[in-house]
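Trainee: Just data21.tsv, nothing more (TSV, C-alpha atoms):
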```
chain	number	residue	atom	x	y	z
A	1	MET	CA	173.54	159.51	191.40
A	2	THR	CA	174.54	158.05	188.05
A	3	LEU	CA	173.19	154.96	186.35
A	4	ALA	CA	174.74	153.10	183.46
A	5	LYS	CA	174.08	150.21	181.13
A	6	GLU	CA	176.50	148.21	179.07
A	7	GLY	CA	177.31	149.09	175.46
A	8	ARG	CA	180.34	149.15	173.13
A	9	THR	CA	182.85	151.68	171.85
A	10	ALA	CA	184.21	152.87	168.51
A	11	ASN	CA	186.27	155.73	167.12
A	12	ARG	CA	185.11	158.22	164.51
A	13	PRO	CA	186.91	160.69	162.24
A	14	TYR	CA	186.46	164.41	162.83
A	15	ALA	CA	183.34	165.64	161.05
A	16	PRO	CA	180.60	168.12	161.93
A	17	SER	CA	177.07	166.74	161.68
A	18	ARG	CA	174.15	168.61	160.16
A	19	CYS	CA	171.55	166.35	161.74
A	20	PRO	CA	169.71	168.00	164.66
A	21	ARG	CA	167.83	166.25	167.41
A	22	LEU	CA	165.80	166.87	170.53
A	23	THR	CA	167.27	166.27	173.94
A	24	GLY	CA	165.87	165.34	177.29
A	25	MET	CA	167.38	166.45	180.59
A	26	SER	CA	169.66	163.49	180.25
A	27	GLY	CA	168.27	162.21	177.00
A	28	ARG	CA	169.06	162.87	173.36
A	29	ASP	CA	166.53	162.40	170.59
A	30	PRO	CA	167.75	162.01	167.01
A	31	PHE	CA	165.48	163.72	164.50
A	32	CYS	CA	166.97	162.44	161.30
A	33	GLN	CA	169.02	159.73	159.67
A	34	PRO	CA	172.72	160.36	160.27
A	35	ARG	CA	175.40	159.69	157.72
A	36	ARG	CA	176.52	156.20	158.67
A	37	ILE	CA	180.16	155.58	159.47
A	38	ARG	CA	181.63	152.09	159.54
A	39	HIS	CA	181.41	151.84	163.30
A	40	GLY	CA	177.91	153.28	163.66
A	41	ALA	CA	175.66	156.31	163.48
A	42	ALA	CA	176.35	159.71	164.93
A	43	LEU	CA	173.17	160.28	166.94
A	44	THR	CA	172.45	159.41	170.54
A	45	LEU	CA	170.12	159.24	173.48
A	46	VAL	CA	170.81	159.10	177.20
A	47	PHE	CA	167.86	157.48	178.98
A	48	ALA	CA	167.27	159.44	182.19
A	49	SER	CA	170.45	158.54	184.01
A	50	VAL	CA	170.82	155.21	182.23
A	51	LEU	CA	173.66	155.48	179.73
A	52	VAL	CA	172.43	153.90	176.44
A	53	ALA	CA	172.46	154.58	172.62
A	54	GLY	CA	171.70	153.70	168.98
A	55	ALA	CA	171.04	154.73	165.40
A	56	ALA	CA	168.27	156.93	164.04
A	57	THR	CA	165.71	155.16	161.92
A	58	GLY	CA	164.14	157.81	159.73
A	59	SER	CA	164.60	161.18	158.08
A	60	LEU	CA	162.88	164.46	158.66
A	61	PRO	CA	160.00	165.68	156.53
A	62	GLY	CA	160.58	168.81	154.48
A	63	ALA	CA	160.92	172.12	156.24
A	64	ASP	CA	157.93	174.40	156.70
A	65	GLY	CA	157.85	178.12	157.46
A	66	GLU	CA	160.44	180.83	157.19
A	67	ALA	CA	163.83	181.27	158.80
A	68	THR	CA	164.18	183.96	161.44
A	69	ALA	CA	166.94	186.53	161.83
A	70	ASP	CA	170.42	185.74	160.51
A	71	GLU	CA	171.94	186.15	163.93
A	72	THR	CA	169.69	183.39	165.28
A	73	ARG	CA	171.02	181.09	162.59
A	74	ALA	CA	174.67	182.08	162.97
A	75	ALA	CA	175.09	181.91	166.76
A	76	PRO	CA	174.97	178.11	167.16
A	77	VAL	CA	177.41	177.69	164.29
A	78	GLY	CA	179.83	179.97	166.12
A	79	ARG	CA	179.51	178.00	169.36
A	80	HIS	CA	180.15	174.74	167.55
A	81	ALA	CA	183.17	176.30	165.89
A	82	ASP	CA	184.50	177.50	169.26
A	83	VAL	CA	184.26	174.02	170.76
A	84	ALA	CA	185.81	172.36	167.71
A	85	ARG	CA	188.63	174.93	167.69
A	86	ALA	CA	189.36	174.33	171.37
A	87	ALA	CA	189.56	170.58	170.76
A	88	GLU	CA	191.81	171.00	167.73
A	89	GLU	CA	194.19	173.31	169.60
A	90	ALA	CA	194.38	170.88	172.52
A	91	ALA	CA	195.16	168.00	170.16
A	92	ALA	CA	197.91	170.06	168.50
A	93	ASP	CA	199.41	170.78	171.94
A	94	GLY	CA	199.30	167.13	172.94
A	95	LYS	CA	196.48	167.72	175.43
A	96	SER	CA	193.07	166.09	175.75
A	97	PRO	CA	190.60	167.34	173.08
A	98	LEU	CA	187.77	165.90	175.19
A	99	GLU	CA	188.64	167.93	178.28
A	100	ALA	CA	189.22	171.07	176.20
A	101	ALA	CA	185.83	170.63	174.54
A	102	ARG	CA	184.14	170.17	177.90
A	103	ARG	CA	185.69	173.36	179.21
A	104	ALA	CA	184.55	175.24	176.10
A	105	VAL	CA	181.03	173.87	176.47
A	106	SER	CA	180.91	174.85	180.14
A	107	ARG	CA	181.72	178.43	179.09
A	108	SER	CA	179.05	178.49	176.37
A	109	GLY	CA	176.14	179.09	178.76
A	110	ASP	CA	174.21	176.25	177.09
A	111	ARG	CA	172.72	174.32	180.02
A	112	TRP	CA	171.91	171.29	177.86
A	113	ALA	CA	175.21	171.11	176.00
A	114	ALA	CA	177.31	167.98	176.50
A	115	VAL	CA	180.52	166.37	175.35
A	116	TYR	CA	180.79	162.57	175.18
A	117	SER	CA	183.85	160.39	174.87
A	118	PRO	CA	183.79	157.94	171.94
A	119	GLY	CA	182.96	155.11	174.33
A	120	GLU	CA	180.12	156.98	176.03
A	121	TYR	CA	178.69	157.98	172.67
A	122	GLN	CA	178.76	154.46	171.33
A	123	GLU	CA	177.13	153.18	174.52
A	124	LEU	CA	174.26	155.51	173.78
A	125	GLU	CA	174.16	154.43	170.17
A	126	ASP	CA	173.90	150.72	170.83
A	127	ALA	CA	170.94	150.90	173.18
A	128	LEU	CA	168.83	153.05	170.84
A	129	ASP	CA	169.36	150.28	168.34
A	130	GLY	CA	167.95	147.92	170.96
A	131	ARG	CA	171.13	145.83	171.22
A	132	TYR	CA	174.28	145.78	173.30
A	133	THR	CA	177.09	143.43	174.30
A	134	GLY	CA	177.39	142.67	178.00
A	135	VAL	CA	176.15	140.49	180.83
A	136	GLY	CA	172.71	142.05	181.28
A	137	LEU	CA	172.89	144.25	184.33
A	138	TRP	CA	172.28	147.92	185.13
A	139	ALA	CA	174.33	149.66	187.81
A	140	ARG	CA	174.57	152.93	189.68
A	141	GLU	CA	177.03	154.61	192.00
A	142	ARG	CA	175.82	155.18	195.55
A	143	ASP	CA	178.07	156.55	198.27
A	144	GLY	CA	181.16	155.55	196.31
A	145	ARG	CA	179.97	151.99	195.76
A	146	ILE	CA	178.58	150.32	192.64
A	147	GLU	CA	175.15	148.82	193.11
A	148	VAL	CA	173.21	146.59	190.71
A	149	THR	CA	169.84	148.23	190.00
A	150	LYS	CA	168.35	145.88	187.42
A	151	VAL	CA	169.06	142.51	185.85
A	152	GLY	CA	167.68	141.66	182.43
A	153	ARG	CA	165.60	138.52	182.10
A	154	GLY	CA	167.31	135.63	180.36
A	155	THR	CA	170.73	137.31	180.51
A	156	PRO	CA	174.04	135.89	181.81
A	157	ALA	CA	173.67	137.99	184.97
A	158	ALA	CA	170.20	136.60	185.61
A	159	ASP	CA	171.33	133.03	184.97
A	160	ALA	CA	174.09	133.54	187.56
A	161	GLY	CA	171.54	134.60	190.18
A	162	ILE	CA	172.66	138.24	190.45
A	163	ARG	CA	169.89	140.43	191.87
A	164	PRO	CA	169.08	144.15	192.12
A	165	GLY	CA	170.66	145.51	195.28
A	166	ASP	CA	173.78	143.35	195.01
A	167	ARG	CA	177.00	145.30	195.34
A	168	LEU	CA	179.58	144.98	192.56
A	169	ARG	CA	183.01	144.96	194.22
A	170	SER	CA	185.38	144.09	191.37
A	171	VAL	CA	185.56	143.33	187.64
A	172	ASP	CA	188.31	140.94	186.50
A	173	GLY	CA	190.12	141.59	189.76
A	174	GLU	CA	189.98	145.39	189.53
A	175	ARG	CA	188.28	147.08	192.48
A	176	VAL	CA	185.46	149.37	191.39
A	177	ASP	CA	184.65	151.29	194.59
A	178	GLY	CA	185.04	155.01	193.98
A	179	ARG	CA	185.24	154.67	190.21
A	180	PRO	CA	182.76	156.39	187.85
A	181	VAL	CA	179.99	154.03	186.90
A	182	THR	CA	180.76	154.60	183.19
A	183	GLU	CA	184.27	153.20	183.78
A	184	VAL	CA	182.80	150.18	185.55
A	185	VAL	CA	180.44	149.54	182.66
A	186	SER	CA	183.40	149.82	180.29
A	187	LEU	CA	185.14	147.09	182.28
A	188	LEU	CA	182.03	144.91	182.10
A	189	ARG	CA	181.99	145.29	178.32
A	190	GLY	CA	185.74	144.77	178.00
A	191	ASP	CA	186.24	148.00	176.08
A	192	SER	CA	189.95	148.38	176.77
A	193	THR	CA	190.76	144.99	175.27
A	194	GLY	CA	188.01	144.89	172.66
A	195	GLU	CA	186.32	141.86	174.21
A	196	PRO	CA	183.48	140.57	171.98
A	197	ALA	CA	180.44	138.51	172.84
A	198	GLY	CA	181.47	135.06	174.03
A	199	THR	CA	184.38	136.21	176.17
A	200	THR	CA	184.25	135.91	179.95
A	201	VAL	CA	184.36	138.44	182.76
A	202	ARG	CA	184.82	137.70	186.48
A	203	LEU	CA	182.70	139.72	188.91
A	204	GLY	CA	183.26	140.15	192.62
A	205	LEU	CA	179.88	140.55	194.33
A	206	GLU	CA	178.46	141.19	197.78
A	207	ARG	CA	174.96	140.67	199.20
A	208	GLY	CA	174.57	141.49	202.87
A	209	THR	CA	177.32	139.56	204.65
A	210	ARG	CA	177.93	137.22	201.73
A	211	ALA	CA	180.81	137.87	199.31
A	212	TRP	CA	181.41	135.71	196.25
A	213	SER	CA	182.60	135.78	192.65
A	214	GLU	CA	180.91	134.81	189.39
A	215	THR	CA	182.44	134.26	185.97
A	216	LEU	CA	179.99	135.28	183.25
A	217	ARG	CA	180.15	135.00	179.49
A	218	ARG	CA	179.37	138.21	177.60
A	219	ALA	CA	176.47	137.98	175.14
A	220	ARG	CA	174.79	140.06	172.46
A	221	LEU	CA	171.59	141.21	174.16
A	222	SER	CA	168.47	143.12	173.23
A	223	ARG	CA	166.07	145.35	175.12
A	224	ASP	CA	162.28	145.49	174.77
A	225	THR	CA	160.90	148.97	175.42
A	226	VAL	CA	157.23	148.33	174.54
A	227	THR	CA	155.07	146.01	176.64
A	228	VAL	CA	151.35	145.28	176.55
A	229	ARG	CA	149.06	143.98	179.26
A	230	ALA	CA	145.36	143.84	180.07
A	231	LEU	CA	144.26	146.16	182.88
A	232	ALA	CA	140.59	145.15	182.71
A	233	PRO	CA	138.44	143.15	180.27
A	234	ARG	CA	138.06	146.17	177.97
A	235	VAL	CA	141.23	148.11	178.81
A	236	SER	CA	144.75	147.47	177.49
A	237	VAL	CA	147.91	149.19	178.74
A	238	ILE	CA	150.67	149.89	176.23
A	239	LYS	CA	153.80	150.85	178.18
A	240	VAL	CA	156.57	152.60	176.23
A	241	GLY	CA	159.76	152.75	178.28
A	242	ALA	CA	161.73	154.69	175.66
A	243	PHE	CA	161.62	155.34	171.93
A	244	THR	CA	164.28	152.96	170.66
A	245	LYS	CA	164.56	151.63	167.13
A	246	GLY	CA	161.37	149.83	166.16
A	247	SER	CA	159.34	150.92	169.19
A	248	GLY	CA	157.00	153.10	167.13
A	249	GLU	CA	156.00	150.18	164.93
A	250	GLN	CA	155.59	148.03	168.05
A	251	VAL	CA	153.07	150.56	169.34
A	252	ARG	CA	151.18	150.45	166.02
A	253	THR	CA	151.13	146.65	166.13
A	254	ALA	CA	149.91	146.67	169.72
A	255	VAL	CA	147.05	149.03	168.79
A	256	ARG	CA	146.02	146.83	165.86
A	257	ARG	CA	145.98	143.76	168.10
A	258	THR	CA	143.94	145.36	170.86
A	259	PRO	CA	140.45	143.77	170.96
A	260	ALA	CA	137.72	145.74	169.21
A	261	GLY	CA	135.87	148.10	171.52
A	262	SER	CA	138.68	148.19	174.07
A	263	GLY	CA	140.15	151.39	175.42
A	264	ILE	CA	143.90	152.00	175.54
A	265	VAL	CA	146.12	153.45	178.23
A	266	LEU	CA	149.35	154.70	176.65
A	267	ASP	CA	151.74	154.71	179.60
A	268	LEU	CA	154.57	157.20	179.03
A	269	ARG	CA	155.49	157.66	182.68
A	270	GLY	CA	159.25	157.66	183.18
A	271	ASN	CA	159.83	157.67	179.42
A	272	PRO	CA	162.95	159.83	178.87
A	273	GLY	CA	162.48	160.15	175.10
A	274	GLY	CA	164.47	158.58	172.32
A	275	LEU	CA	164.31	158.57	168.56
A	276	VAL	CA	161.91	161.25	167.36
A	277	ALA	CA	161.11	159.26	164.22
A	278	GLU	CA	159.83	156.48	166.49
A	279	ALA	CA	157.69	158.90	168.50
A	280	VAL	CA	156.15	160.17	165.27
A	281	THR	CA	155.47	156.57	164.18
A	282	ALA	CA	153.77	155.97	167.51
A	283	ALA	CA	151.65	159.08	166.96
A	284	SER	CA	150.66	157.62	163.60
A	285	ALA	CA	149.04	154.72	165.45
A	286	PHE	CA	146.42	157.12	166.85
A	287	LEU	CA	146.20	159.92	164.27
A	288	ASP	CA	145.02	160.02	160.67
A	289	GLY	CA	147.96	162.07	159.44
A	290	GLY	CA	148.42	165.71	160.31
A	291	LEU	CA	150.86	167.74	162.40
A	292	VAL	CA	152.75	166.17	165.28
A	293	ALA	CA	155.17	168.99	166.10
A	294	THR	CA	157.09	171.92	164.67
A	295	TYR	CA	160.71	172.71	165.42
A	296	ASP	CA	163.42	175.14	164.43
A	297	VAL	CA	167.05	174.59	163.58
A	298	ASP	CA	169.14	177.75	163.62
A	299	GLY	CA	165.91	179.70	163.05
A	300	GLU	CA	164.61	177.60	160.14
A	301	GLN	CA	161.09	176.32	160.84
A	302	ARG	CA	160.26	172.69	160.07
A	303	ALA	CA	157.47	170.24	160.84
A	304	LEU	CA	156.84	166.59	161.66
A	305	HIS	CA	153.68	164.85	160.42
A	306	ALA	CA	151.97	161.58	161.29
A	307	GLU	CA	151.22	159.02	158.61
A	308	PRO	CA	147.55	158.65	157.66
A	309	GLY	CA	145.46	155.65	158.66
A	310	GLY	CA	145.80	155.58	162.44
A	311	ASP	CA	143.01	154.51	164.80
A	312	THR	CA	141.15	157.74	165.60
A	313	THR	CA	138.09	156.28	167.34
A	314	ARG	CA	139.35	154.00	170.09
A	315	PRO	CA	139.22	155.68	173.56
A	316	LEU	CA	142.72	156.71	174.61
A	317	VAL	CA	144.33	157.96	177.81
A	318	ALA	CA	147.99	158.99	177.98
A	319	LEU	CA	149.68	158.60	181.37
A	320	VAL	CA	152.55	161.02	182.12
A	321	ASP	CA	154.66	162.22	185.04
A	322	GLY	CA	157.75	164.27	185.81
A	323	GLY	CA	159.90	161.61	184.17
A	324	THR	CA	158.12	161.99	180.82
A	325	MET	CA	160.64	163.85	178.67
A	326	SER	CA	161.54	165.04	175.22
A	327	ALA	CA	160.20	162.76	172.44
A	328	ALA	CA	157.63	161.38	174.91
A	329	GLU	CA	156.48	164.96	175.55
A	330	LEU	CA	156.37	165.56	171.80
A	331	LEU	CA	153.99	162.60	171.41
A	332	THR	CA	151.90	163.63	174.42
A	333	GLY	CA	151.57	167.20	173.16
A	334	ALA	CA	150.41	165.99	169.75
A	335	LEU	CA	147.76	163.67	171.20
A	336	GLN	CA	146.57	166.36	173.62
A	337	ASP	CA	146.49	169.25	171.13
A	338	ARG	CA	144.84	167.13	168.45
A	339	GLY	CA	142.09	166.12	170.91
A	340	ARG	CA	143.00	162.46	170.54
A	341	ALA	CA	143.78	161.59	174.15
A	342	VAL	CA	142.91	162.60	177.68
A	343	VAL	CA	146.22	163.13	179.48
A	344	VAL	CA	146.31	161.89	183.08
A	345	GLY	CA	149.08	162.20	185.67
A	346	SER	CA	151.43	165.01	186.66
A	347	ARG	CA	153.27	167.75	184.78
A	348	THR	CA	155.92	166.42	182.41
A	349	PHE	CA	159.58	167.31	182.72
A	350	GLY	CA	159.76	170.08	180.11
A	351	LYS	CA	162.64	169.41	177.74
A	352	GLY	CA	162.17	170.46	174.14
A	353	SER	CA	165.58	171.54	172.89
A	354	VAL	CA	167.09	170.66	169.53
A	355	GLN	CA	170.79	169.79	169.60
A	356	MET	CA	173.37	169.58	166.82
A	357	PRO	CA	176.26	167.12	167.28
A	358	THR	CA	179.83	167.70	166.12
A	359	THR	CA	182.46	164.94	166.08
A	360	LEU	CA	185.82	166.15	167.40
A	361	PRO	CA	189.38	165.11	166.40
A	362	ASP	CA	189.62	162.33	169.00
A	363	GLY	CA	186.20	160.90	168.14
A	364	SER	CA	184.41	162.53	171.04
A	365	VAL	CA	181.13	164.30	170.29
A	366	ALA	CA	180.01	167.78	171.35
A	367	GLU	CA	176.35	168.80	171.28
A	368	LEU	CA	174.96	172.34	171.50
A	369	THR	CA	171.41	173.66	171.40
A	370	VAL	CA	170.28	175.12	168.08
A	371	GLY	CA	166.50	175.39	168.54
A	372	HIS	CA	163.28	174.16	170.16
A	373	TYR	CA	160.13	172.27	169.22
A	374	ARG	CA	156.47	173.15	169.75
A	375	THR	CA	153.25	171.18	169.93
A	376	PRO	CA	150.65	171.44	167.11
A	377	SER	CA	148.91	174.37	168.86
A	378	GLY	CA	152.22	176.20	169.20
A	379	ARG	CA	152.92	175.49	172.85
A	380	GLY	CA	156.55	175.53	173.88
A	381	VAL	CA	157.54	172.61	176.09
A	382	ASP	CA	161.06	173.55	177.12
A	383	GLY	CA	161.18	174.69	180.72
A	384	HIS	CA	157.41	174.35	181.09
A	385	GLY	CA	156.40	170.77	180.48
A	386	LEU	CA	152.87	169.72	179.67
A	387	THR	CA	149.98	169.98	182.13
A	388	PRO	CA	147.74	166.90	182.19
A	389	ASP	CA	144.00	167.23	181.66
A	390	LEU	CA	143.49	165.35	184.92
A	391	GLU	CA	146.00	165.57	187.76
A	392	ALA	CA	146.76	162.25	189.42
A	393	GLY	CA	149.60	160.74	191.44
A	394	GLU	CA	149.98	157.14	192.52
A	395	GLU	CA	146.37	156.49	191.58
A	396	ALA	CA	146.96	157.58	187.97
A	397	LEU	CA	146.36	154.16	186.44
A	398	ARG	CA	143.08	153.74	188.31
A	399	ARG	CA	142.01	157.23	187.26
A	400	ALA	CA	142.88	156.38	183.66
A	401	GLU	CA	140.62	153.34	183.79
A	402	THR	CA	137.82	155.50	185.18
A	403	VAL	CA	138.29	158.05	182.40
A	404	LEU	CA	138.15	155.35	179.75
A	405	SER	CA	134.92	153.97	181.17
A	406	GLY	CA	133.45	157.47	181.00
A	407	LEU	CA	134.43	158.00	177.37
A	408	GLY	CA	131.83	155.47	176.32
A	409	GLY	CA	133.76	154.37	173.27
A	410	GLN	CA	134.05	157.91	171.93
A	411	SER	CA	137.32	159.65	171.13
A	412	PRO	CA	137.95	162.51	173.56
A	413	THR	CA	137.73	166.05	172.34
A	414	ALA	CA	140.28	168.78	172.76
A	415	ALA	CA	139.93	171.18	175.63
A	416	PRO	CA	138.89	174.73	174.74
A	417	GLY	CA	141.68	176.91	173.48
A	418	ARG	CA	143.86	174.08	172.19
```
With the file now loaded, output its structure as structure tokens.
Mentor:
Amino acid sequence: MTLAKEGRTANRPYAPSRCPRLTGMSGRDPFCQPRRIRHGAALTLVFASVLVAGAATGSLPGADGEATADETRAAPVGRHADVARAAEEAAADGKSPLEAARRAVSRSGDRWAAVYSPGEYQELEDALDGRYTGVGLWARERDGRIEVTKVGRGTPAADAGIRPGDRLRSVDGERVDGRPVTEVVSLLRGDSTGEPAGTTVRLGLERGTRAWSETLRRARLSRDTVTVRALAPRVSVIKVGAFTKGSGEQVRTAVRRTPAGSGIVLDLRGNPGGLVAEAVTAASAFLDGGLVATYDVDGEQRALHAEPGGDTTRPLVALVDGGTMSAAELLTGALQDRGRAVVVGSRTFGKGSVQMPTTLPDGSVAELTVGHYRTPSGRGVDGHGLTPDLEAGEEALRRAETVLSGLGGQSPTAAPGR
């Protein structure tokens, strides 16, 4: 099953990138500020199976530690070179550089490697920036059909009365059954003709036995990934759906606005990651400086630190599950290792790889693993995930409230051995 969300496309010149990032199972986390090109940044994120993207918002702190063996450093460079060479040779022969790169990546043995077309990469880029052009719907492919899974509030799709569960049958007269959902999203955006916001698109829809068409006007839309609500008189829930641009500062603002004496539930369930700089900013809301994570790039050890001045006394519970990935795991590991939060829920996904992107001759982007990150205590996340302090399933939110009431206004302490 594949999900997709609308975005936009752009072409890029061939250029290798030196900016690494973490990735989730289907999510990419930029670590550092990419060199900007006219049409956008070179870093991406795929949210779970929702195809989205954007630009990194910060740079990495200085590197800490020593590099390991030379062969550890050289191997990823060689793999990148192999993929780039395959793409260049295909282009010279009049063949598809994208397909050649994908074949080379499949032979690399890197389970988290990926190659994106320019359009797919820009889709990812836009959503990390919190903005995209479209009609405001999410879709997935199910049994060869395209189904609407979500409709954004206040969007053209919502105004037209489209609902989750509706079947999308055609876009501007083109049947979409059996087509990849990314192609359908491209039609919704008008990629092939460069349709901007303000242009119209005609959708053929089906709901039960009813079939009808709607003509919608594309708009420039935004996506909120941080929401706040009261769970009880002295408990606030801060839900972070993904770490898009600005979400870290939204978390800090939410913490500052939480009533004095209230406990906080930081809900990271289903969070597939995002911009690492934003996850570090979110950590800074709860930590008074100090280590958030370490990572290596081609064997060179580096570190990420929180900013000083965070709230270190307010009771805090972090909610996680199997959909908590990548940058969300990085944040969870920091709060758990630093004794700042009690973690409630189920084991996280376990994705802590660092990828390096390379832009290929046709503007497509190849990513290969160059390293991994670790929590402040040195725990590796990749392939293992993080074990919560308190196991909980559907009742996780209720258990979190119980834990907060038991903390009595005191910050939790780290478990022995952390």
Trainee: Take CA of Ala279 (chain A) and CA of Phe243 (chain A) and report the distance between them in Å, one decimal.
Mentor: 6.3 Å
Trainee: For Gly134 (chain A), which residue among A:Thr312, A:Val176, A:Leu187, A:Gly119 is the nearest when counting only C-alpha atoms?
Mentor: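 Once distances to Gly134 (chain A) are computed over only C-alpha atoms, the minimum belongs to A:Leu187.
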Trainee: Could you check the closest approach to Gly154 (chain A) for each of A:Ala219, A:Ala341, A:Leu168, A:Leu124 and tell me which residue wins, using all atoms listed in the file?
Mentor: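 Using all atoms listed in the file, Gly154 (chain A) sits closest to A:Ala219.
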Trainee: Considering all atoms listed in the file, can you say which of A:Ala87, A:Ala242, A:Leu266, A:Leu407 comes closest to Thr313 (chain A)?
Mentor: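 Closest candidate: A:Leu407.
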Trainee: Need to verify the contact set: Val184 (chain A), 9 Å, all atoms listed in the file, exclusion of same-chain residues closer than 5 positions in sequence. Can you return it as a PyMOL selection string?
Mentor: chain A and resi 4+139+146+170-171+176+179+189
Trainee: Which is closer to Gly263 (chain A) than all the others in A:Arg85, A:Arg175, A:Lys150, A:Arg234, using all atoms listed in the file?
Mentor: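 Of all the options, A:Arg234 lies closest to Gly263 (chain A).
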Trainee: Using only C-alpha atoms, determine which residues lie at most 9 Å from Gly165 (chain A), disregarding the query and same-chain residues fewer than 2 positions distant; provide the list as a list in words.
Mentor: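 Skipping anything fewer than 2 positions along the chain leaves Glu147, Val148, Thr149, Lys150, Ile162, Arg163, Arg167 and Arg207 of chain A.
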Trainee: Give me the residues near Arg217 (chain A) as a list in words, where near means some atom within 8 Å (using only C-alpha atoms) and where sequence neighbours in that chain fewer than 2 positions away do not count.
Mentor: Val135, Pro156, Ala197, Gly198, Thr199, Thr200, Val201, Thr215 and Ala219 of chain A
Trainee: Counting only C-alpha atoms, which residue out of A:Arg79, A:Lys245, A:His384, A:Arg340 sits closest to Ala113 (chain A)?
Mentor: A:Arg79
